[in-house]
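Each remark here refers to the structure printed beneath this line.
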Amino acid sequence: MRRTSYQKGSLKLADRRKGKVWEFRWREVQIDGSTRRKNVVIGTLEDLPNESAAQATVDALRLEINRQTPQQLIREISMETLVNHYCQHELPDVFIEGKPKPNATEEEHKSYATQVTYGGYLRNWILPRWRSYRLTEVKAVDVEKWLRTLVLARGSKAKIRNIMSALFSHAMRWECAEKNPISSVRQSSKRQKTPEVLTPEEVSAILEQISDPLRTMIELDAFTGPRRGELIGLRWEDLDFATLTLHVRRSVVAMVEGKPKTEASRRDVPLDAQLAESLLCWRGRSVYTAPGDWVFASPHMRGRQPYWPGTLWRYYGRPALKRAGVNKHVSYKTFRHTFGTLLNANGENAKVVQEFCVTPA
């Protein structure tokens with residue numbers, strides 16, 4: 001039987017109608033033992049400005065091409081190659097710097113929000129430290145010591161540890177590593193300080209200083225407890241004023257529509273009469289009131305997308321805090337935590353509070 005050799009392939013800069021592109025060529029072994037030349041364009045010169053950037057992308061492709069190659073050769077890959085391969089297969093939207101197709105299913109990829117989060121941790125923390133390390137050179141003790149030096153919250157350190165573990169699990173699945181050294185890394189995710197919580201008087205004082213649409217958004221946040229993405233993901237058809245019910249059906253993160261973060265998040269929430277009245281008043285002033293329109297549609301985008309919640313809070317929410325005399329670090333999540341605290345204070349079932357207000361790590 002013919003022995004399969006390791007395919008390094010060749011990389012060259014080629015001219016195309018749309019400009020210069022990086023082209024990767026290699027030989028593929030057929031079932032009958034013969035070879036066939038293949039090539040693929042991996043990116044433009046604009047996307048990959050130098051050969052080093054192009055080689056980093058090609059390294060991930062080489063893993064797939066050489067799946068039948070003796071594995072001791074592949075195991076010498078670097079962490080950078082592993083990260084590129086992981087992004088290509090597990091974070092496709094981050095890898096191609098695009099957004100998911102409208103008909104893509106959850107089984108085909110992680111949610112867009114998760115991909116963006118993972119991509120940030122990989123780009124800003126994991127790659128700068130471990131980029132050039134071979135997989136066999138990454139040791140649990142070294143990773144543990146490194147995590148201790150990071151000026152980050154425990155939850156963020158735990159997230160980095162979990163993503164690194166996912167990288168090695170991916171390597172094991174593709175037979176590029178025999179073990180996961182990160183499984184032995186110890187890192188607590190326990191909060192170092194209790195999240196800020198507002199009193200009912202502080203919530204009222206803030207609401208008095210804010211105008212719509214932010215006022216109604218904060219009122220909804222404080223009295224029903226949705227996540228920020230679920231808040232701006234509401235459409236008018238999700239509000240049943242006859243039964244005073246709010247249906248949480250979707251989440252919008254970075255203006256990409258997807259499912260709520262957890263199954264428990266996809267729920268029906270009761271509305272009190274005063275909150276329903278506030279929503280009806282806002283609908284009366286809004287230009288976009290059709291059932292399929294966003295509740296908080298942006299007029300600047302002609303209703304095609306909701307407001308950016310961060311922008312609204314930065315320009316209108318923070319100044320309102322000063323006017324209200326609230327000297328706390330407040331964000332949308334603060335109102336969510338406040339809602340959970342009020343439920344606990346009223347003797348609500350702990351499981352109900354967890355499903356409504358506890359964000360999974």
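How things are named: the first chain in the structure tokens is A, the next is B, and so on; residues count from 1 in each chain; ligands count from 1 in the order shown.
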At a cut-off of 12 Å, using only C-alpha atoms, what residues contact A:Gly120? Leave out same-chain residues fewer than 6 positions from it and give the result as a PyMOL selection string.
chain A and resi 87+91+94-95+113-114+126-128+156+159-160+163
Please provide as a PDB file with N, CA and C atoms, in the first residue's frame all residues within 12 Å of A:Pro195, with the sequence filter that same-chain residues fewer than 5 positions apart are discarded (counting only C-alpha atoms).
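Output saved as result16.pdb:
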ATOM      1  N   LYS A 328     -23.594  54.902  41.823  1.00  0.00           N
ATOM      2  CA  LYS A 328     -23.281  53.486  41.674  1.00  0.00           C
ATOM      3  C   LYS A 328     -22.936  53.206  40.215  1.00  0.00           C
ATOM      4  N   HIS A 329     -22.192  52.101  40.006  1.00  0.00           N
ATOM      5  CA  HIS A 329     -21.895  51.679  38.635  1.00  0.00           C
ATOM      6  C   HIS A 329     -23.115  50.921  38.126  1.00  0.00           C
ATOM      7  N   VAL A 330     -23.853  51.534  37.218  1.00  0.00           N
ATOM      8  CA  VAL A 330     -25.128  50.979  36.777  1.00  0.00           C
ATOM      9  C   VAL A 330     -25.088  50.665  35.281  1.00  0.00           C
ATOM     10  N   SER A 331     -25.629  49.510  34.918  1.00  0.00           N
ATOM     11  CA  SER A 331     -25.790  49.114  33.522  1.00  0.00           C
ATOM     12  C   SER A 331     -27.129  48.391  33.400  1.00  0.00           C
ATOM     13  N   LYS A 333     -27.548  45.306  33.162  1.00  0.00           N
ATOM     14  CA  LYS A 333     -27.485  44.125  34.021  1.00  0.00           C
ATOM     15  C   LYS A 333     -27.813  44.472  35.472  1.00  0.00           C
ATOM     16  N   THR A 334     -27.525  45.719  35.874  1.00  0.00           N
ATOM     17  CA  THR A 334     -27.836  46.138  37.244  1.00  0.00           C
ATOM     18  C   THR A 334     -29.345  46.072  37.502  1.00  0.00           C
ATOM     19  N   PHE A 335     -30.133  46.490  36.529  1.00  0.00           N
ATOM     20  CA  PHE A 335     -31.590  46.435  36.685  1.00  0.00           C
ATOM     21  C   PHE A 335     -32.075  44.988  36.731  1.00  0.00           C
ATOM     22  N   ARG A 336     -31.413  44.120  35.983  1.00  0.00           N
ATOM     23  CA  ARG A 336     -31.748  42.695  36.003  1.00  0.00           C
ATOM     24  C   ARG A 336     -31.446  42.088  37.375  1.00  0.00           C
ATOM     25  N   HIS A 337     -30.261  42.423  37.931  1.00  0.00           N
ATOM     26  CA  HIS A 337     -29.907  41.941  39.273  1.00  0.00           C
ATOM     27  C   HIS A 337     -30.878  42.499  40.316  1.00  0.00           C
ATOM     28  N   THR A 338     -31.256  43.750  40.137  1.00  0.00           N
ATOM     29  CA  THR A 338     -32.200  44.378  41.075  1.00  0.00           C
ATOM     30  C   THR A 338     -33.534  43.642  41.065  1.00  0.00           C
ATOM     31  N   GLY A 340     -34.049  40.496  40.341  1.00  0.00           N
ATOM     32  CA  GLY A 340     -33.870  39.230  41.044  1.00  0.00           C
ATOM     33  C   GLY A 340     -33.842  39.401  42.552  1.00  0.00           C
ATOM     34  N   THR A 341     -33.198  40.471  43.008  1.00  0.00           N
ATOM     35  CA  THR A 341     -33.121  40.744  44.447  1.00  0.00           C
ATOM     36  C   THR A 341     -34.507  41.022  45.026  1.00  0.00           C
ATOM     37  N   VAL A 358     -30.498  34.789  36.787  1.00  0.00           N
ATOM     38  CA  VAL A 358     -29.120  34.370  36.965  1.00  0.00           C
ATOM     39  C   VAL A 358     -28.517  34.071  35.610  1.00  0.00           C
TER      40      VAL A 358
END
Smallest atom-to-atom distance to A:Ile182: which of A:Asn162, A:Asn50, A:Ser204, A:Thr81, using only C-alpha atoms?
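When distances to A:Ile182 are compared using only C-alpha atoms, the smallest one comes from A:Asn162.
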Taking 5 positions as the minimum chain separation for residues in the same chain, which residues sit within 10 Å of stretch 316-324 of chain A when counting only C-alpha atoms? Answer as an mmCIF file with C-alpha atoms, in the first residue's frame.
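Written out: selection_6.cif:
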data_model
loop_
_atom_site.group_PDB
_atom_site.id
_atom_site.type_symbol
_atom_site.label_atom_id
_atom_site.label_comp_id
_atom_site.auth_asym_id
_atom_site.auth_seq_id
_atom_site.Cartn_x
_atom_site.Cartn_y
_atom_site.Cartn_z
ATOM 1 C CA GLU A 202 -33.195 54.722 43.214
ATOM 2 C CA VAL A 203 -34.960 53.005 40.309
ATOM 3 C CA SER A 204 -37.809 55.539 40.527
ATOM 4 C CA ALA A 205 -35.356 58.453 40.704
ATOM 5 C CA ILE A 206 -33.519 57.225 37.584
ATOM 6 C CA LEU A 207 -36.746 56.701 35.621
ATOM 7 C CA GLU A 208 -37.821 60.261 36.414
ATOM 8 C CA GLN A 209 -34.655 61.569 34.761
ATOM 9 C CA ILE A 210 -34.890 59.535 31.524
ATOM 10 C CA SER A 211 -37.082 60.084 28.485
ATOM 11 C CA ASP A 212 -38.289 57.503 25.947
ATOM 12 C CA LEU A 214 -34.743 54.513 27.112
ATOM 13 C CA ARG A 215 -37.229 55.101 29.916
ATOM 14 C CA ILE A 218 -35.285 50.511 31.655
ATOM 15 C CA GLY A 310 -25.072 50.675 24.654
ATOM 16 C CA THR A 311 -25.295 53.934 22.729
ATOM 17 C CA HIS A 329 -21.895 51.679 38.635
ATOM 18 C CA VAL A 330 -25.128 50.979 36.777
ATOM 19 C CA SER A 331 -25.790 49.114 33.522
ATOM 20 C CA TYR A 332 -28.680 47.146 32.039
#
Within 10 Å of A:Glu23, counting only C-alpha atoms, which residues show up once you throw out same-chain ones fewer than 4 positions away? Write them as an MDAnalysis selection string, please.
chainID A and resid 10:15 39:44 54 58
Can those selected residues be exported to a file as a short mmCIF file (atom, residue, chain, number, x, y, z; two decimals), in the first residue's frame so that it contains C-alpha atoms?
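Saved file part16.cif follows:
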data_model
loop_
_atom_site.label_atom_id
_atom_site.label_comp_id
_atom_site.auth_asym_id
_atom_site.auth_seq_id
_atom_site.Cartn_x
_atom_site.Cartn_y
_atom_site.Cartn_z
CA SER A 10 2.74 25.60 -1.61
CA LEU A 11 1.54 29.15 -1.13
CA LYS A 12 1.79 31.81 -3.80
CA LEU A 13 0.43 35.25 -4.61
CA ALA A 14 -1.65 35.06 -7.81
CA ASP A 15 -3.33 37.66 -10.01
CA ASN A 39 -5.74 24.51 -5.27
CA VAL A 40 -7.86 26.94 -3.27
CA VAL A 41 -7.90 30.72 -2.80
CA ILE A 42 -7.60 31.44 0.92
CA GLY A 43 -7.93 35.22 0.83
CA THR A 44 -7.05 38.48 -0.86
CA ALA A 54 -1.51 33.81 4.88
CA VAL A 58 -3.07 27.80 5.59
#
Show which residues sit within 12 Å of A:Arg129, as a list in words. Count only C-alpha atoms, and ignore same-chain residues fewer than 2 positions away.
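Close residues of A:Arg129: Met79, Glu80, Tyr121, Leu122, Arg123, Asn124, Trp125, Ile126, Leu127, Arg131, Ser132, Tyr133, Val138, Asp142, Val143, Trp146, Leu147, Thr149, Leu150, Ile160 and Met164 of chain A.
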Could you name the residues that touch stretch 225-232 of chain A at 10 Å or less, counting only C-alpha atoms, but leaving out those on the same chain fewer than 5 positions away, as a PyMOL selection string?
chain A and resi 113+217-220+248-261+265-266+269+294-297+305-310+331-340+353+356-359
